[in-house]
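File shown: target21.csv (CSV, C-alpha atoms and all ligand atoms).
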```
chain,number,residue,atom,x,y,z
L,1,MET,CA,-2.7,-8.6,-23.3
L,2,PHE,CA,-4.4,-8.4,-19.9
L,3,GLY,CA,-7.5,-10.4,-20.7
L,4,GLU,CA,-10.0,-7.7,-19.6
L,5,GLY,CA,-11.5,-7.1,-23.1
L,6,ASN,CA,-9.3,-4.1,-24.1
L,7,SER,CA,-10.1,-1.9,-27.1
L,8,GLY,CA,-7.7,-1.7,-30.1
L,9,LYS,CA,-6.9,1.8,-29.0
L,10,GLU,CA,-5.8,0.7,-25.6
L,11,ARG,CA,-3.7,-2.0,-27.3
L,12,ALA,CA,-2.1,0.5,-29.6
L,13,ALA,CA,-1.2,2.6,-26.5
L,14,GLN,CA,0.9,-0.3,-25.4
L,15,ARG,CA,3.4,0.2,-28.2
L,16,PRO,CA,6.9,0.8,-26.8
L,17,PRO,CA,7.1,4.5,-26.1
L,18,ALA,CA,9.6,6.8,-27.5
L,19,LEU,CA,12.4,7.3,-25.1
L,20,ALA,CA,11.4,9.9,-22.6
L,21,PRO,CA,14.0,12.3,-21.2
L,22,ASP,CA,15.9,10.6,-18.5
L,23,ARG,CA,14.9,13.2,-15.8
L,24,PRO,CA,14.3,12.0,-12.3
L,25,LEU,CA,11.3,13.3,-10.5
L,26,VAL,CA,12.4,15.6,-7.7
L,27,ASP,CA,10.0,17.6,-5.6
L,28,PRO,CA,10.5,21.3,-4.5
L,29,PHE,CA,12.1,20.1,-1.3
L,30,GLY,CA,14.7,18.1,-3.1
L,31,ARG,CA,13.2,14.7,-2.4
L,32,ALA,CA,13.5,12.3,-5.4
L,33,ILE,CA,10.4,10.2,-6.0
L,34,SER,CA,11.6,6.6,-6.3
L,35,TYR,CA,8.6,4.7,-4.8
L,36,LEU,CA,5.2,4.3,-6.3
L,37,ARG,CA,2.3,2.6,-4.6
L,38,VAL,CA,-0.6,1.7,-6.8
L,39,SER,CA,-4.1,0.7,-5.6
L,40,VAL,CA,-5.3,-1.6,-8.3
L,41,THR,CA,-8.8,-1.9,-6.9
L,42,ASP,CA,-10.9,-0.3,-4.2
L,43,ARG,CA,-12.7,-3.7,-3.7
L,44,CYS,CA,-11.9,-6.2,-1.0
L,45,ASP,CA,-13.2,-9.5,0.3
L,46,PHE,CA,-12.7,-8.2,3.9
L,47,ARG,CA,-14.2,-5.3,5.7
L,48,CYS,CA,-11.6,-4.4,8.4
L,49,VAL,CA,-13.1,-2.2,11.0
L,50,TYR,CA,-10.3,0.5,10.8
L,51,CYS,CA,-10.4,0.5,7.0
L,52,MET,CA,-13.9,0.2,5.6
L,53,ALA,CA,-17.5,0.5,6.7
L,54,GLU,CA,-19.5,-2.8,6.4
L,55,ASP,CA,-21.8,-1.4,3.7
L,56,MET,CA,-19.2,0.0,1.4
L,57,THR,CA,-20.3,1.3,-2.0
L,58,PHE,CA,-17.6,0.4,-4.5
L,59,LEU,CA,-16.7,2.4,-7.6
L,60,PRO,CA,-18.3,1.6,-11.0
L,61,LYS,CA,-15.9,-0.3,-13.3
L,62,HIS,CA,-15.5,2.5,-15.8
L,63,GLU,CA,-14.1,4.8,-13.1
L,64,VAL,CA,-11.4,2.3,-12.2
L,65,LEU,CA,-8.2,2.3,-14.3
L,66,SER,CA,-7.9,-0.6,-16.7
L,67,LEU,CA,-4.8,-2.9,-16.2
L,68,GLU,CA,-3.3,-1.3,-19.4
L,69,GLU,CA,-3.8,2.2,-17.9
L,70,ILE,CA,-2.1,1.1,-14.6
L,71,ASP,CA,0.7,-0.4,-16.6
L,72,ARG,CA,1.1,2.8,-18.7
L,73,ILE,CA,1.2,5.1,-15.7
L,74,ALA,CA,3.5,2.9,-13.6
L,75,SER,CA,5.8,2.6,-16.6
L,76,ALA,CA,5.9,6.4,-16.9
L,77,PHE,CA,7.0,6.6,-13.3
L,78,ILE,CA,9.6,4.0,-13.9
L,79,ARG,CA,11.0,5.9,-16.8
L,80,ARG,CA,11.3,8.9,-14.4
L,81,GLY,CA,13.2,7.1,-11.7
L,82,THR,CA,10.8,5.0,-9.7
L,83,ARG,CA,12.7,2.0,-8.5
L,84,LYS,CA,10.2,0.3,-6.3
L,85,LEU,CA,6.6,-0.4,-7.1
L,86,ARG,CA,4.1,-1.8,-4.7
L,87,LEU,CA,0.6,-3.0,-5.7
L,88,THR,CA,-2.0,-2.7,-3.1
L,89,GLY,CA,-5.7,-1.9,-2.8
L,90,GLY,CA,-8.4,-2.8,-1.6
L,91,GLU,CA,-7.2,-6.3,-2.0
L,92,PRO,CA,-4.9,-6.5,-5.0
L,93,LEU,CA,-5.4,-10.3,-5.4
L,94,VAL,CA,-9.2,-9.9,-6.0
L,95,ARG,CA,-8.6,-7.8,-9.1
L,96,ARG,CA,-9.3,-9.9,-12.2
L,97,GLY,CA,-6.1,-10.2,-14.3
L,98,ILE,CA,-3.8,-9.1,-11.5
L,99,ILE,CA,-1.2,-11.8,-12.4
L,100,ASP,CA,-1.2,-10.5,-16.0
L,101,LEU,CA,-0.5,-7.1,-14.7
L,102,VAL,CA,2.3,-8.4,-12.5
L,103,ASN,CA,3.8,-10.3,-15.5
L,104,SER,CA,3.7,-7.3,-17.7
L,105,LEU,CA,5.3,-5.0,-15.1
L,106,ALA,CA,7.9,-7.5,-14.5
L,107,ARG,CA,9.6,-6.5,-17.8
L,108,HIS,CA,10.9,-3.5,-15.9
L,109,LEU,CA,12.5,-5.9,-13.4
L,110,LYS,CA,14.1,-7.8,-16.3
L,111,SER,CA,15.4,-4.6,-17.9
L,112,GLY,CA,16.9,-3.5,-14.5
L,113,ALA,CA,14.8,-0.2,-14.5
L,114,LEU,CA,12.9,-1.5,-11.5
L,115,GLU,CA,14.6,-2.8,-8.4
L,116,GLU,CA,11.5,-4.3,-6.7
L,117,LEU,CA,8.0,-5.2,-7.6
L,118,THR,CA,6.0,-6.0,-4.5
L,119,LEU,CA,2.5,-6.3,-3.1
L,120,THR,CA,0.5,-5.8,0.0
L,121,SER,CA,-2.2,-8.3,0.6
L,122,ASN,CA,-4.7,-9.5,3.2
L,123,GLY,CA,-3.5,-13.0,2.3
L,124,SER,CA,-6.9,-14.5,1.6
L,125,GLN,CA,-6.1,-15.3,-2.0
L,126,MET,CA,-2.4,-15.8,-1.6
L,127,ALA,CA,-2.4,-19.6,-1.7
L,128,ARG,CA,-3.8,-19.4,-5.3
L,129,HIS,CA,-1.3,-16.8,-6.5
L,130,ALA,CA,2.0,-17.2,-4.6
L,131,ASP,CA,3.7,-19.4,-7.2
L,132,ALA,CA,2.7,-17.1,-10.1
L,133,LEU,CA,3.9,-14.1,-8.2
L,134,PHE,CA,7.3,-15.7,-7.5
L,135,ALA,CA,7.6,-16.8,-11.2
L,136,ALA,CA,7.0,-13.2,-12.3
L,137,GLY,CA,9.9,-11.9,-10.2
L,138,VAL,CA,8.1,-10.8,-7.0
L,139,ARG,CA,10.4,-11.7,-4.1
L,140,ARG,CA,8.7,-10.0,-1.1
L,141,VAL,CA,5.1,-9.5,-0.1
L,142,ASN,CA,3.5,-7.8,2.9
L,143,ILE,CA,0.6,-9.7,4.5
L,144,SER,CA,-1.7,-8.1,7.1
L,145,LEU,CA,-2.3,-10.1,10.2
L,146,ASP,CA,-3.7,-8.3,13.2
L,147,THR,CA,-4.4,-11.2,15.5
L,148,LEU,CA,-3.9,-15.0,15.9
L,149,ASP,CA,-7.3,-15.5,17.5
L,150,PRO,CA,-9.9,-16.8,15.0
L,151,ASP,CA,-12.8,-15.0,16.7
L,152,LYS,CA,-11.0,-11.7,17.0
L,153,PHE,CA,-9.8,-12.1,13.4
L,154,SER,CA,-13.5,-12.4,12.3
L,155,ARG,CA,-14.4,-9.4,14.4
L,156,ILE,CA,-11.6,-7.2,13.1
L,157,THR,CA,-11.9,-8.2,9.4
L,158,ARG,CA,-15.7,-8.8,9.7
L,159,TRP,CA,-15.7,-11.2,6.7
L,160,GLY,CA,-12.3,-12.9,6.9
L,161,ARG,CA,-11.2,-16.3,8.2
L,162,LEU,CA,-7.9,-16.6,10.0
L,163,ASN,CA,-7.1,-20.1,8.6
L,164,GLN,CA,-7.3,-18.9,5.0
L,165,VAL,CA,-4.8,-16.1,5.8
L,166,LEU,CA,-2.4,-18.5,7.7
L,167,ASP,CA,-2.6,-20.8,4.7
L,168,GLY,CA,-1.8,-17.9,2.4
L,169,ILE,CA,1.3,-17.0,4.5
L,170,ALA,CA,2.5,-20.6,4.4
L,171,ALA,CA,1.9,-20.8,0.7
L,172,ALA,CA,3.8,-17.5,0.1
L,173,LYS,CA,6.8,-18.8,2.1
L,174,ALA,CA,6.7,-22.2,0.3
L,175,ALA,CA,6.8,-20.4,-3.0
L,176,GLY,CA,10.0,-18.6,-2.0
L,177,LEU,CA,8.5,-15.3,-1.2
L,178,GLN,CA,9.8,-13.4,1.8
L,179,VAL,CA,6.7,-12.4,3.9
L,180,LYS,CA,6.6,-9.3,6.1
L,181,LEU,CA,3.6,-9.2,8.4
L,182,ASN,CA,1.7,-6.0,9.1
L,183,ALA,CA,-0.4,-5.5,12.1
L,184,VAL,CA,-2.5,-2.4,12.9
L,185,ALA,CA,-2.3,-1.7,16.6
L,186,LEU,CA,-5.8,-1.6,18.1
L,187,ALA,CA,-6.3,-0.6,21.7
L,188,HIS,CA,-9.1,-3.0,22.5
L,189,GLU,CA,-8.4,-5.8,20.0
L,190,ASN,CA,-4.8,-6.7,19.9
L,191,ALA,CA,-2.9,-4.6,22.4
L,192,ASP,CA,-2.4,-7.8,24.5
L,193,GLU,CA,-1.4,-9.8,21.5
L,194,ILE,CA,1.6,-7.9,20.2
L,195,GLU,CA,4.0,-10.3,21.9
L,196,ALA,CA,2.2,-13.3,20.5
L,197,LEU,CA,2.4,-11.8,17.0
L,198,MET,CA,6.1,-11.2,17.5
L,199,HIS,CA,6.7,-14.8,18.5
L,200,PHE,CA,4.7,-16.0,15.5
L,201,ALA,CA,6.6,-13.8,13.2
L,202,ALA,CA,10.0,-14.8,14.6
L,203,ALA,CA,9.1,-18.5,14.4
L,204,GLY,CA,8.2,-18.2,10.7
L,205,ASP,CA,11.2,-16.0,10.0
L,206,HIS,CA,9.0,-13.0,9.0
L,207,ASP,CA,9.6,-9.4,9.8
L,208,LEU,CA,6.8,-7.7,11.6
L,209,THR,CA,5.6,-4.1,11.3
L,210,LEU,CA,3.1,-2.5,13.7
L,211,ILE,CA,1.0,0.3,12.2
L,212,GLU,CA,-0.7,3.1,14.1
L,213,THR,CA,-4.4,3.6,13.1
L,214,MET,CA,-4.7,6.5,10.6
L,215,PRO,CA,-7.8,8.7,10.3
L,216,LEU,CA,-8.7,7.9,6.7
L,217,GLY,CA,-12.3,7.7,5.5
L,218,GLU,CA,-15.6,7.4,7.3
L,219,ILE,CA,-15.8,3.9,8.8
L,220,GLY,CA,-18.7,4.1,11.2
L,221,GLU,CA,-16.4,3.4,14.2
L,222,ASP,CA,-14.8,5.5,16.9
L,223,ARG,CA,-11.2,6.0,16.0
L,224,VAL,CA,-10.2,7.6,19.2
L,225,ASP,CA,-11.3,4.5,20.9
L,226,GLN,CA,-9.2,2.2,18.7
L,227,TYR,CA,-6.1,4.4,18.7
L,228,LEU,CA,-3.1,2.8,20.4
L,229,PRO,CA,0.0,5.0,20.3
L,230,LEU,CA,3.0,2.9,19.3
L,231,SER,CA,5.2,4.9,21.7
L,232,THR,CA,3.2,3.1,24.5
L,233,VAL,CA,3.7,-0.3,22.8
L,234,ARG,CA,7.4,0.3,22.4
L,235,ARG,CA,7.8,1.4,26.0
L,236,ARG,CA,6.1,-1.7,27.2
L,237,LEU,CA,8.1,-4.0,25.0
L,238,ALA,CA,11.4,-2.3,26.1
L,239,GLN,CA,10.6,-3.5,29.6
L,240,ARG,CA,10.8,-7.1,28.5
L,241,TYR,CA,13.0,-7.2,25.4
L,242,THR,CA,16.2,-5.7,24.2
L,243,LEU,CA,15.3,-3.4,21.4
L,244,ILE,CA,18.2,-2.3,19.2
L,245,ASP,CA,17.5,0.6,16.9
L,246,LEU,CA,18.4,-0.2,13.3
L,247,PRO,CA,19.6,2.4,11.0
L,248,HIS,CA,17.8,0.8,8.0
L,249,ARG,CA,15.3,3.3,6.6
L,250,THR,CA,13.0,3.0,3.6
L,251,GLY,CA,12.2,6.7,3.1
L,252,GLY,CA,8.8,5.9,4.6
L,253,PRO,CA,7.3,6.3,8.1
L,254,ALA,CA,8.7,3.0,9.4
L,255,ARG,CA,11.4,2.8,12.1
L,256,TYR,CA,13.0,-0.5,12.8
L,257,VAL,CA,14.4,-2.3,15.8
L,258,ARG,CA,16.0,-5.7,16.3
L,259,VAL,CA,14.4,-7.7,19.1
L,260,GLU,CA,17.5,-9.4,20.4
L,261,GLU,CA,15.8,-12.2,22.3
L,262,LEU,CA,13.7,-13.3,19.3
L,263,GLY,CA,16.0,-12.4,16.4
L,264,LEU,CA,13.1,-10.4,15.0
L,265,GLN,CA,13.1,-7.2,12.9
L,266,LEU,CA,10.2,-5.2,14.2
L,267,GLY,CA,9.0,-2.0,12.5
L,268,PHE,CA,6.9,0.8,13.9
L,269,ILE,CA,4.9,2.9,11.4
L,270,THR,CA,3.8,6.0,13.2
L,271,PRO,CA,2.3,8.3,10.6
L,272,LEU,CA,0.8,10.6,13.2
L,273,THR,CA,4.1,11.8,14.3
L,274,HIS,CA,6.1,14.0,11.8
L,275,ASN,CA,9.1,11.7,11.8
L,276,CYS,CA,8.9,10.7,8.2
L,277,CYS,CA,8.0,13.5,6.0
L,278,GLU,CA,11.5,14.9,5.5
L,279,SER,CA,12.7,11.8,3.8
L,280,CYS,CA,9.4,10.9,1.9
L,281,ASN,CA,10.3,9.4,-1.5
L,282,ARG,CA,6.8,8.1,-2.4
L,283,VAL,CA,3.5,8.9,-4.0
L,284,ARG,CA,0.3,7.0,-4.3
L,285,LEU,CA,-1.9,6.2,-7.3
L,286,THR,CA,-5.6,5.4,-6.5
L,287,ALA,CA,-7.6,2.8,-8.4
L,288,THR,CA,-9.2,5.7,-10.2
L,289,GLY,CA,-6.0,7.2,-11.4
L,290,GLN,CA,-5.7,10.1,-8.9
L,291,LEU,CA,-2.1,10.7,-7.8
L,292,TYR,CA,-1.8,11.6,-4.2
L,293,MET,CA,1.5,13.3,-3.5
L,294,CYS,CA,0.9,12.8,0.3
L,295,LEU,CA,-1.2,10.2,2.1
L,296,GLY,CA,-2.3,12.8,4.6
L,297,GLN,CA,-3.3,15.6,2.3
L,298,ASP,CA,-6.2,16.0,-0.2
L,299,ASP,CA,-4.3,17.6,-3.1
L,300,GLN,CA,-4.1,15.2,-6.1
L,301,ALA,CA,-3.5,15.1,-9.8
L,302,ASP,CA,-5.9,13.3,-12.1
L,303,LEU,CA,-3.8,11.1,-14.3
L,304,ARG,CA,-6.8,9.1,-15.5
L,305,SER,CA,-8.0,12.2,-17.4
L,306,VAL,CA,-4.6,12.8,-18.8
L,307,ILE,CA,-4.3,9.4,-20.4
L,308,ARG,CA,-7.9,9.1,-21.4
L,309,ARG,CA,-7.9,12.5,-23.0
L,310,ALA,CA,-4.7,11.8,-24.9
L,311,GLY,CA,-5.9,8.2,-25.7
L,312,ASN,CA,-9.2,9.5,-27.2
L,313,ASP,CA,-7.3,11.5,-29.8
L,314,ASP,CA,-7.0,9.1,-32.7
L,315,ALA,CA,-4.1,11.1,-34.1
L,316,ALA,CA,-2.2,10.8,-30.9
L,317,PRO,CA,0.4,8.0,-31.1
L,318,GLY,CA,1.4,6.1,-27.9
L,319,CYS,CA,4.4,8.4,-27.4
L,320,ALA,CA,2.0,11.4,-27.3
L,321,ILE,CA,0.2,9.8,-24.4
L,322,ASP,CA,3.5,9.3,-22.7
L,323,ALA,CA,4.5,12.9,-23.3
L,324,ALA,CA,1.2,14.1,-21.8
L,325,LEU,CA,1.8,11.8,-18.8
L,326,ASP,CA,5.3,13.0,-18.4
L,327,GLN,CA,4.2,16.6,-18.2
L,328,ALA,CA,1.5,15.7,-15.7
L,329,LEU,CA,4.0,14.0,-13.5
L,330,ASP,CA,6.3,17.1,-13.5
L,331,GLU,CA,3.3,19.3,-12.6
L,332,ALA,CA,2.1,16.9,-9.9
L,333,ILE,CA,5.5,16.4,-8.2
L,334,SER,CA,6.0,20.2,-8.2
L,335,ARG,CA,3.0,20.3,-5.8
L,336,LYS,CA,4.2,17.6,-3.4
L,337,PRO,CA,3.7,19.1,0.1
L,338,LYS,CA,6.3,19.2,2.7
L,339,GLY,CA,4.3,17.1,5.2
L,340,HIS,CA,0.9,16.0,6.5
L,341,ASP,CA,-1.5,17.1,9.2
L,342,PHE,CA,-3.0,13.9,10.6
L,343,VAL,CA,-4.6,14.4,14.0
L,344,ILE,CA,-6.8,12.1,16.0
L,345,ASP,CA,-8.5,14.0,18.8
L,346,ARG,CA,-11.9,14.2,20.4
L,347,ARG,CA,-12.8,17.6,19.0
L,348,GLY,CA,-13.4,16.5,15.4
L,349,ALA,CA,-15.4,13.4,14.7
L,350,ARG,CA,-14.6,13.6,11.0
L,351,PRO,CA,-11.5,11.9,9.6
L,352,ALA,CA,-8.6,14.2,8.6
L,353,VAL,CA,-8.8,12.8,5.1
L,354,ALA,CA,-12.2,11.8,3.7
L,355,ARG,CA,-11.0,9.0,1.3
L,356,HIS,CA,-10.6,5.5,2.5
L,357,MET,CA,-7.3,3.7,2.8
L,358,SER,CA,-8.6,1.1,0.4
L,359,LEU,CA,-8.9,3.7,-2.4
L,360,THR,CA,-5.5,5.3,-1.8
L,361,GLY,CA,-3.7,2.0,-0.9
L,362,GLY,CA,-2.0,1.4,2.3
X,1,LIG,N1,-5.9,-5.4,1.5
X,1,LIG,C1,-4.5,-5.4,1.7
X,1,LIG,C2,-4.1,-5.5,3.2
X,1,LIG,O1,-5.0,-5.5,4.0
X,1,LIG,O2,-3.0,-5.7,3.4
X,1,LIG,C3,-3.9,-4.2,1.1
X,1,LIG,C4,-4.5,-2.8,1.3
X,1,LIG,S1,-4.6,-2.3,3.0
X,1,LIG,C5,-5.4,-0.8,2.8
X,1,LIG,C6,-2.9,-1.9,3.3
X,1,LIG,C7,-2.6,-1.8,4.8
X,1,LIG,O3,-3.2,-0.7,5.3
X,1,LIG,C8,-3.0,-3.0,5.7
X,1,LIG,O4,-1.8,-3.4,6.4
X,1,LIG,C9,-4.0,-2.4,6.6
X,1,LIG,O5,-4.0,-3.0,7.8
X,1,LIG,C10,-3.6,-1.0,6.6
X,1,LIG,N2,-4.7,0.0,7.0
X,1,LIG,C11,-5.9,0.0,6.5
X,1,LIG,N3,-6.7,1.0,7.0
X,1,LIG,C12,-5.8,1.6,7.9
X,1,LIG,C13,-6.0,2.7,8.8
X,1,LIG,N4,-7.1,3.4,8.9
X,1,LIG,N5,-4.9,3.0,9.6
X,1,LIG,C14,-3.8,2.3,9.5
X,1,LIG,N6,-3.6,1.3,8.7
X,1,LIG,C15,-4.6,0.9,7.9
X,2,LIG,FE1,-9.5,-5.0,2.8
X,2,LIG,FE2,-7.0,-4.5,3.5
X,2,LIG,FE3,-8.9,-2.7,4.0
X,2,LIG,FE4,-8.8,-4.9,5.4
X,2,LIG,S1,-7.2,-3.4,5.4
X,2,LIG,S2,-10.6,-4.0,4.4
X,2,LIG,S3,-8.1,-6.4,3.9
X,2,LIG,S4,-8.2,-3.3,2.0
```
Written form, structure tokens:
Amino acid sequence: MFGEGNSGKERAAQRPPALAPDRPLVDPFGRAISYLRVSVTDRCDFRCVYCMAEDMTFLPKHEVLSLEEIDRIASAFIRRGTRKLRLTGGEPLVRRGIIDLVNSLARHLKSGALEELTLTSNGSQMARHADALFAAGVRRVNISLDTLDPDKFSRITRWGRLNQVLDGIAAAKAAGLQVKLNAVALAHENADEIEALMHFAAAGDHDLTLIETMPLGEIGEDRVDQYLPLSTVRRRLAQRYTLIDLPHRTGGPARYVRVEELGLQLGFITPLTHNCCESCNRVRLTATGQLYMCLGQDDQADLRSVIRRAGNDDAAPGCAIDAALDQALDEAISRKPKGHDFVIDRRGARPAVARHMSLTGG
């Protein structure tokens, strides 16, 4: 089904599951889980300075979930009330068979169980895949773009080429995809370029979201040095533009304003402030099947073991695997913490959370 050389057992596990109880996943603080982000690979064709070390060691293939396993876990979430699914990474478009996975998951769009299937990408491979994504039912993608300066772009991404990403953005738009741009705010690289990015986004009819650097994973760079508080950016922008607060919320850490002069929707993701936890509706699945109930905490549930254990039992039909998953989801969500403890300061050189963003998915 996914063209990755799957075993018969995995194929059998794809049989339509028995109907699971229609119980939404609600955590102990009354927050319903309706949004799942899935990192489909830890690999990437870039090495962004805030995300990865240059000499990253990637996971051996057997540790990474197969496309069937991703589909199975995502489908379990959808049965329990997930309405929005975002594929991310690493770079999701470098995962072999990614379009097969998107096509398969799209059945939940057709059935109406899923409201949105979307993707966060660095854009490098977007030109090749944009039409297929649209044909599958994807309507919006996020593409990361931290600078419009080719040299800076190469410096920030280490291995990327700006033109390739600009082509990817244009291809996505031409295919009919709505493109939101994401830019990580970096004190020394793009602080002076935020306005240029805003103008670029407005001209292309894209929304733009600025992201504060998060202390995730060892990257061999000084994070304190890169950290640019978005409160400062917003204050500066407010001196030149009319920023109108928008009520629109996603349940995530983004707050939106409308930039009147540009007709631009501008988002601020400030995970270091505790302004988002109370409405958090999301969980994250790593490429290895670990479910993180909070981006800023280390507690996780090992869903890969759950499905591989159940899948190794020859007597277990597909529905038994789903039942085991269901139980694991209940148990995991009962442990979703109230909030996170991100801190970037000069006392601790170590990141607050040891895993990289590319493993958990941004
Ligand atoms: N490769 C894709 C991309 O770059 O869009 C998807 C994965 S990437 C991990 C998702 C988002 O996380 C990107 O917008 C990236 O800029 C952001 N990101 C990565 N590391 C980060 C960090 N340490 N702090 C804040 N944002 C980060
Ligand atoms: Fe790759 Fe995205 Fe991380 Fe950059 S931010 S290294 S593109 S995963």
Using only C-alpha atoms and all ligand atoms, what are the residues with an atom within 8 Å of ligand LIG 2 (chain X), set out as a CSV table (one decimal) with C-alpha atoms, in the coordinates of the input?
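What ended up in out17.csv:
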```
chain,number,residue,atom,x,y,z
L,42,ASP,CA,-10.9,-0.3,-4.2
L,43,ARG,CA,-12.7,-3.7,-3.7
L,44,CYS,CA,-11.9,-6.2,-1.0
L,45,ASP,CA,-13.2,-9.5,0.3
L,46,PHE,CA,-12.7,-8.2,3.9
L,47,ARG,CA,-14.2,-5.3,5.7
L,48,CYS,CA,-11.6,-4.4,8.4
L,49,VAL,CA,-13.1,-2.2,11.0
L,50,TYR,CA,-10.3,0.5,10.8
L,51,CYS,CA,-10.4,0.5,7.0
L,52,MET,CA,-13.9,0.2,5.6
L,89,GLY,CA,-5.7,-1.9,-2.8
L,90,GLY,CA,-8.4,-2.8,-1.6
L,91,GLU,CA,-7.2,-6.3,-2.0
L,121,SER,CA,-2.2,-8.3,0.6
L,122,ASN,CA,-4.7,-9.5,3.2
L,144,SER,CA,-1.7,-8.1,7.1
L,157,THR,CA,-11.9,-8.2,9.4
L,357,MET,CA,-7.3,3.7,2.8
L,358,SER,CA,-8.6,1.1,0.4
L,361,GLY,CA,-3.7,2.0,-0.9
L,362,GLY,CA,-2.0,1.4,2.3
```
Inset, instruction - Calculate how many Å separate CA of Tyr292 in chain L from CA of Ile33 in chain L, rounding to one decimal. - result: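 Separation of CA of Tyr292 in chain L and CA of Ile33 in chain L: 12.4 Å.
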Legend entry - Top pick for closest residue to ligand LIG 1 (chain X), considering L:His62, L:Arg128, L:Arg80, L:Lys180 and counting all atoms listed in the file: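 For ligand LIG 1 (chain X), the nearest of the candidates is L:Lys180.
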Inset, instruction - Find, counting all atoms listed in the file, the residue in L:Arg95, L:His340, L:Arg304, L:Arg282 that gets nearest to ligand LIG 1 (chain X). - result: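 Among L:Arg95, L:His340, L:Arg304, L:Arg282, it is L:Arg95 that comes nearest to ligand LIG 1 (chain X).
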Legend entry - CA of Val141 in chain L to CA of Gly112 in chain L, distance in Å rounded to a single decimal: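 So the two atoms, CA of Val141 in chain L and CA of Gly112 in chain L, lie 19.6 Å apart.
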Inset, instruction - Have a look at L:Leu119, L:Ile321, L:Leu285, L:Leu210 and name the one nearest to Ile194 in chain L; count all atoms listed in the file. - result: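 Closest to Ile194 in chain L of all the choices is L:Leu210.
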Inset, instruction - Write out as number ranges by chain which residues come within 9 Å of Asp326 in chain L when counting all atoms listed in the file, dropping same-chain ones fewer than 3 positions away. - result: L: 20, 76-77, 80, 321-323, 329-331
For the residues in the current selection, export C-alpha atoms as a PDB file, in the coordinates of the input.
```pdb
ATOM      1  CA  ALA L  20      11.400   9.900 -22.600  1.00  0.00           C
ATOM      2  CA  ALA L  76       5.900   6.400 -16.900  1.00  0.00           C
ATOM      3  CA  PHE L  77       7.000   6.600 -13.300  1.00  0.00           C
ATOM      4  CA  ARG L  80      11.300   8.900 -14.400  1.00  0.00           C
ATOM      5  CA  ILE L 321       0.200   9.800 -24.400  1.00  0.00           C
ATOM      6  CA  ASP L 322       3.500   9.300 -22.700  1.00  0.00           C
ATOM      7  CA  ALA L 323       4.500  12.900 -23.300  1.00  0.00           C
ATOM      8  CA  LEU L 329       4.000  14.000 -13.500  1.00  0.00           C
ATOM      9  CA  ASP L 330       6.300  17.100 -13.500  1.00  0.00           C
ATOM     10  CA  GLU L 331       3.300  19.300 -12.600  1.00  0.00           C
TER      11      GLU L 331
END
```
Legend entry - For Asn190 in chain L, the nearest of the candidates L:Ala53, L:Ala202, L:Leu133, L:Leu228, counting only C-alpha atoms: L:Leu228
Legend entry - Atomic separation - CA of Met56 in chain L relative to CA of Thr286 in chain L, Å: 16.6 Å
Inset, instruction - For Phe2 in chain L, please output as a list in words all residues within 9 Å (counting all atoms listed in the file; exclusion window: fewer than 3 positions along the same chain). - result: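 Those residues are Gly5, Asn6, Leu67, Glu68, Gly97, Ile98, Ile99, Asp100, Leu101 and Ser104 of chain L.
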Legend entry - For ligand LIG 1 (chain X), the nearest of the candidates L:Thr270, L:Thr88, L:Gln239, L:Gln290, counting all atoms listed in the file: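 With all atoms listed in the file as the atom set, the closest residue is L:Thr88.
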